[in-house]
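Structure record follows, encoded as structure tokens.
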Amino acid sequence: MNGLQQYQRINTQTSITDADPHKLIQLLYNGALERINMAKARMQAGDIEGKGRLISKTIEIIGGLRSFLDFDQGGELAIQLESLYDYMERTLLEASARNSVEKLDEVASLLRSVKDGWDGIREEVVSQQAQAVG
């Protein structure tokens, strides 16, 4: 492992250790988007194994996002997100099977939309956490 990879791994581990639950979900969105971009590059380079590995990792990350859904507090929104995550996973499998950059782009666009909404509530969440502690 080269120095850059070691730094990235340590930086990622530190980010996860220091992350509050909201930040952890942001990191998962970022990781999924990053892996989709890397899978697209591997797909375009003809690296079938690398593409498959990265798409599988993206599906795992989306599964992790799904595991954070709180159906008691999230209600209809949690149900809709679960359906969207399911759609993303199926679309990623289709992208892998068909070598479809367009399907990867579709999932990336959906992830960015959800991530933008999640990022938009960051201040509200941090404020609520501060009030709960104080």
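The way I read the labels, and the way they are meant: chains A, B, ... in the order of the structure tokens, residue 1 as the first residue of every chain, and ligand 1 as the first ligand shown, with later ones counted on from there.
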
Give me the residues within 7 Å of range 62-73 of chain A as a short mmCIF file (atom, residue, chain, number, x, y, z; two decimals) with all heavy atoms, in the first residue's frame, counting only C-alpha atoms and dropping any in the same chain fewer than 4 places off.
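Output contents, as saved in selection-v6.cif:
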data_model
loop_
_atom_site.label_atom_id
_atom_site.label_comp_id
_atom_site.auth_asym_id
_atom_site.auth_seq_id
_atom_site.Cartn_x
_atom_site.Cartn_y
_atom_site.Cartn_z
N ILE A 25 -23.95 9.29 7.70
CA ILE A 25 -24.78 9.08 6.51
C ILE A 25 -24.22 9.91 5.35
O ILE A 25 -24.18 9.43 4.21
CB ILE A 25 -26.25 9.43 6.81
CG1 ILE A 25 -26.71 8.55 7.94
CG2 ILE A 25 -27.11 9.39 5.55
CD1 ILE A 25 -27.92 7.76 7.87
N THR A 58 -20.81 -0.41 -3.93
CA THR A 58 -21.85 0.63 -3.92
C THR A 58 -23.17 0.06 -3.43
O THR A 58 -23.88 0.69 -2.63
CB THR A 58 -22.03 1.24 -5.33
OG1 THR A 58 -20.76 1.70 -5.80
CG2 THR A 58 -23.01 2.40 -5.32
N ALA A 78 -39.46 7.42 5.09
CA ALA A 78 -38.61 6.23 5.21
C ALA A 78 -39.05 5.15 4.23
O ALA A 78 -38.22 4.48 3.61
CB ALA A 78 -38.63 5.71 6.65
N ILE A 79 -40.36 4.99 4.07
CA ILE A 79 -40.89 4.00 3.13
C ILE A 79 -40.48 4.36 1.70
O ILE A 79 -40.05 3.49 0.92
CB ILE A 79 -42.42 3.89 3.27
CG1 ILE A 79 -42.77 3.27 4.62
CG2 ILE A 79 -43.03 3.08 2.12
CD1 ILE A 79 -44.24 3.37 5.00
N GLU A 82 -36.77 3.72 1.23
CA GLU A 82 -36.49 2.29 1.09
C GLU A 82 -36.77 1.83 -0.34
O GLU A 82 -35.99 1.08 -0.93
CB GLU A 82 -37.31 1.47 2.08
CG GLU A 82 -36.97 -0.02 1.97
CD GLU A 82 -37.73 -0.89 2.93
OE1 GLU A 82 -38.94 -0.68 3.11
OE2 GLU A 82 -37.10 -1.80 3.48
N TYR A 85 -33.98 3.19 -2.55
CA TYR A 85 -32.73 2.43 -2.38
C TYR A 85 -32.84 1.08 -3.09
O TYR A 85 -31.88 0.62 -3.72
CB TYR A 85 -32.40 2.22 -0.90
CG TYR A 85 -32.00 3.48 -0.17
CD1 TYR A 85 -32.23 3.61 1.19
CD2 TYR A 85 -31.37 4.54 -0.81
CE1 TYR A 85 -31.86 4.75 1.89
CE2 TYR A 85 -30.99 5.69 -0.12
CZ TYR A 85 -31.25 5.78 1.23
OH TYR A 85 -30.86 6.92 1.91
#

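Here CA of Arg53 in chain A and CA of Gly117 in chain A stand 28.1 Å from one another.
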
**Complete:** Shortest contact to Asn99 in chain A, candidates A:Glu76, A:Glu124, A:Asp116, A:Asp47, atoms counted only C-alpha atoms, goes to A:Asp47

**Fill in**
A straight line from CA of Val114 in chain A to CA of Ala39 in chain A spans 20.2 Å

**Request:** Would you mind listing what lies within 12 Å of Asp119 in chain A as a ChimeraX atom specification, with only C-alpha atoms counted and same-chain residues fewer than 3 positions away left out?
**Result:** /A:22-27,29-30,111-116,122-126

**Complete:** Using only C-alpha atoms, the residue out of A:Lys51, A:Arg35, A:Lys40, A:Lys57 with shortest distance to Val101 in chain A is A:Lys40

**Message:** Report, in Å with one decimal, the straight-line distance from CA of Gly75 in chain A to CA of Glu89 in chain A.
**Reply:** 21.5 Å

**Request:** Might you pull out every residue within 9 Å of Gly50 in chain A, with only C-alpha atoms counted and same-chain residues fewer than 6 positions away left off, and present them as a ChimeraX atom specification?
**Result:** /A:38-39,42-43

Using only N, CA, C and O atoms, please write the residues we just selected to a file, as a compact mmCIF listing (two decimals), in the first residue's frame.
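That gives us result.txt:
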# COMPACT_ATOMS: atom_id res chain seq x y z
N MET A 38 -15.81 5.67 -9.89
CA MET A 38 -14.70 4.75 -10.14
C MET A 38 -15.16 3.57 -10.99
O MET A 38 -14.44 3.11 -11.88
N ALA A 39 -16.38 3.05 -10.73
CA ALA A 39 -16.92 1.94 -11.52
C ALA A 39 -17.11 2.36 -12.97
O ALA A 39 -16.84 1.58 -13.89
N ARG A 42 -13.78 2.25 -14.60
CA ARG A 42 -13.37 0.85 -14.83
C ARG A 42 -14.17 0.26 -15.98
O ARG A 42 -13.64 -0.50 -16.80
N MET A 43 -15.46 0.59 -16.06
CA MET A 43 -16.31 0.11 -17.14
C MET A 43 -15.78 0.61 -18.48
O MET A 43 -15.65 -0.16 -19.44

Could you pull the residues within 12 Å of Leu93 in chain A, counting only C-alpha atoms, minus those fewer than 2 positions along the same chain, as an mmCIF file with N, CA, C and O atoms, in the first residue's frame?
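Result written to out_6.cif:
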data_model
loop_
_atom_site.group_PDB
_atom_site.id
_atom_site.type_symbol
_atom_site.label_atom_id
_atom_site.label_comp_id
_atom_site.auth_asym_id
_atom_site.auth_seq_id
_atom_site.Cartn_x
_atom_site.Cartn_y
_atom_site.Cartn_z
ATOM 1 N N LYS A 51 -14.884 -3.118 -12.226
ATOM 2 C CA LYS A 51 -16.233 -2.541 -12.299
ATOM 3 C C LYS A 51 -17.178 -3.298 -11.385
ATOM 4 O O LYS A 51 -17.908 -2.713 -10.592
ATOM 5 N N GLY A 52 -17.149 -4.617 -11.469
ATOM 6 C CA GLY A 52 -18.042 -5.444 -10.655
ATOM 7 C C GLY A 52 -17.802 -5.266 -9.169
ATOM 8 O O GLY A 52 -18.747 -5.178 -8.380
ATOM 9 N N ARG A 53 -16.540 -5.194 -8.795
ATOM 10 C CA ARG A 53 -16.181 -5.022 -7.381
ATOM 11 C C ARG A 53 -16.695 -3.676 -6.857
ATOM 12 O O ARG A 53 -17.267 -3.585 -5.771
ATOM 13 N N LEU A 54 -16.526 -2.625 -7.648
ATOM 14 C CA LEU A 54 -16.953 -1.283 -7.223
ATOM 15 C C LEU A 54 -18.472 -1.163 -7.184
ATOM 16 O O LEU A 54 -19.030 -0.530 -6.272
ATOM 17 N N ILE A 55 -19.156 -1.767 -8.140
ATOM 18 C CA ILE A 55 -20.620 -1.737 -8.116
ATOM 19 C C ILE A 55 -21.141 -2.534 -6.922
ATOM 20 O O ILE A 55 -22.072 -2.103 -6.237
ATOM 21 N N SER A 56 -20.515 -3.662 -6.638
ATOM 22 C CA SER A 56 -20.921 -4.446 -5.457
ATOM 23 C C SER A 56 -20.735 -3.642 -4.178
ATOM 24 O O SER A 56 -21.586 -3.664 -3.282
ATOM 25 N N LYS A 57 -19.636 -2.920 -4.089
ATOM 26 C CA LYS A 57 -19.382 -2.091 -2.907
ATOM 27 C C LYS A 57 -20.436 -0.983 -2.800
ATOM 28 O O LYS A 57 -20.914 -0.670 -1.699
ATOM 29 N N THR A 58 -20.815 -0.406 -3.926
ATOM 30 C CA THR A 58 -21.849 0.634 -3.924
ATOM 31 C C THR A 58 -23.174 0.063 -3.430
ATOM 32 O O THR A 58 -23.878 0.694 -2.629
ATOM 33 N N ILE A 59 -23.506 -1.141 -3.866
ATOM 34 C CA ILE A 59 -24.738 -1.795 -3.413
ATOM 35 C C ILE A 59 -24.681 -2.038 -1.908
ATOM 36 O O ILE A 59 -25.672 -1.841 -1.201
ATOM 37 N N GLU A 60 -23.525 -2.443 -1.395
ATOM 38 C CA GLU A 60 -23.361 -2.631 0.052
ATOM 39 C C GLU A 60 -23.587 -1.318 0.801
ATOM 40 O O GLU A 60 -24.212 -1.296 1.858
ATOM 41 N N ASP A 86 -34.008 0.438 -3.001
ATOM 42 C CA ASP A 86 -34.221 -0.826 -3.692
ATOM 43 C C ASP A 86 -34.069 -0.632 -5.202
ATOM 44 O O ASP A 86 -33.409 -1.421 -5.889
ATOM 45 N N TYR A 87 -34.671 0.425 -5.719
ATOM 46 C CA TYR A 87 -34.562 0.735 -7.149
ATOM 47 C C TYR A 87 -33.102 0.973 -7.532
ATOM 48 O O TYR A 87 -32.630 0.482 -8.568
ATOM 49 N N MET A 88 -32.368 1.711 -6.704
ATOM 50 C CA MET A 88 -30.958 1.985 -6.994
ATOM 51 C C MET A 88 -30.156 0.686 -7.061
ATOM 52 O O MET A 88 -29.326 0.508 -7.963
ATOM 53 N N GLU A 89 -30.397 -0.211 -6.116
ATOM 54 C CA GLU A 89 -29.665 -1.477 -6.099
ATOM 55 C C GLU A 89 -29.950 -2.287 -7.363
ATOM 56 O O GLU A 89 -29.035 -2.829 -7.990
ATOM 57 N N ARG A 90 -31.219 -2.366 -7.753
ATOM 58 C CA ARG A 90 -31.578 -3.111 -8.963
ATOM 59 C C ARG A 90 -30.979 -2.458 -10.208
ATOM 60 O O ARG A 90 -30.496 -3.144 -11.112
ATOM 61 N N THR A 91 -30.975 -1.133 -10.232
ATOM 62 C CA THR A 91 -30.417 -0.411 -11.381
ATOM 63 C C THR A 91 -28.908 -0.608 -11.461
ATOM 64 O O THR A 91 -28.350 -0.729 -12.560
ATOM 65 N N ALA A 95 -26.867 -2.084 -14.480
ATOM 66 C CA ALA A 95 -25.715 -1.363 -15.048
ATOM 67 C C ALA A 95 -24.527 -2.293 -15.198
ATOM 68 O O ALA A 95 -23.830 -2.268 -16.216
ATOM 69 N N SER A 96 -24.310 -3.128 -14.195
ATOM 70 C CA SER A 96 -23.188 -4.057 -14.233
ATOM 71 C C SER A 96 -23.382 -5.100 -15.325
ATOM 72 O O SER A 96 -22.469 -5.373 -16.109
ATOM 73 N N ALA A 97 -24.585 -5.649 -15.396
ATOM 74 C CA ALA A 97 -24.855 -6.708 -16.371
ATOM 75 C C ALA A 97 -24.777 -6.197 -17.809
ATOM 76 O O ALA A 97 -24.332 -6.918 -18.708
ATOM 77 N N ARG A 98 -25.196 -4.951 -18.019
ATOM 78 C CA ARG A 98 -25.261 -4.405 -19.384
ATOM 79 C C ARG A 98 -24.108 -3.455 -19.717
ATOM 80 O O ARG A 98 -24.098 -2.864 -20.793
ATOM 81 N N ASN A 99 -23.183 -3.262 -18.760
ATOM 82 C CA ASN A 99 -22.115 -2.281 -18.943
ATOM 83 C C ASN A 99 -22.693 -0.926 -19.336
ATOM 84 O O ASN A 99 -22.259 -0.301 -20.311
ATOM 85 N N SER A 100 -23.676 -0.476 -18.570
ATOM 86 C CA SER A 100 -24.403 0.741 -18.900
ATOM 87 C C SER A 100 -23.941 1.925 -18.057
ATOM 88 O O SER A 100 -24.271 2.032 -16.873
ATOM 89 N N LYS A 103 -26.964 3.924 -16.770
ATOM 90 C CA LYS A 103 -27.596 3.445 -15.525
ATOM 91 C C LYS A 103 -26.783 3.894 -14.309
ATOM 92 O O LYS A 103 -27.350 4.248 -13.283
ATOM 93 N N LEU A 104 -25.457 3.873 -14.435
ATOM 94 C CA LEU A 104 -24.619 4.380 -13.335
ATOM 95 C C LEU A 104 -24.889 5.858 -13.105
ATOM 96 O O LEU A 104 -25.019 6.311 -11.961
ATOM 97 N N VAL A 107 -28.236 6.372 -11.237
ATOM 98 C CA VAL A 107 -28.145 6.130 -9.794
ATOM 99 C C VAL A 107 -27.363 7.252 -9.118
ATOM 100 O O VAL A 107 -27.756 7.730 -8.055
#
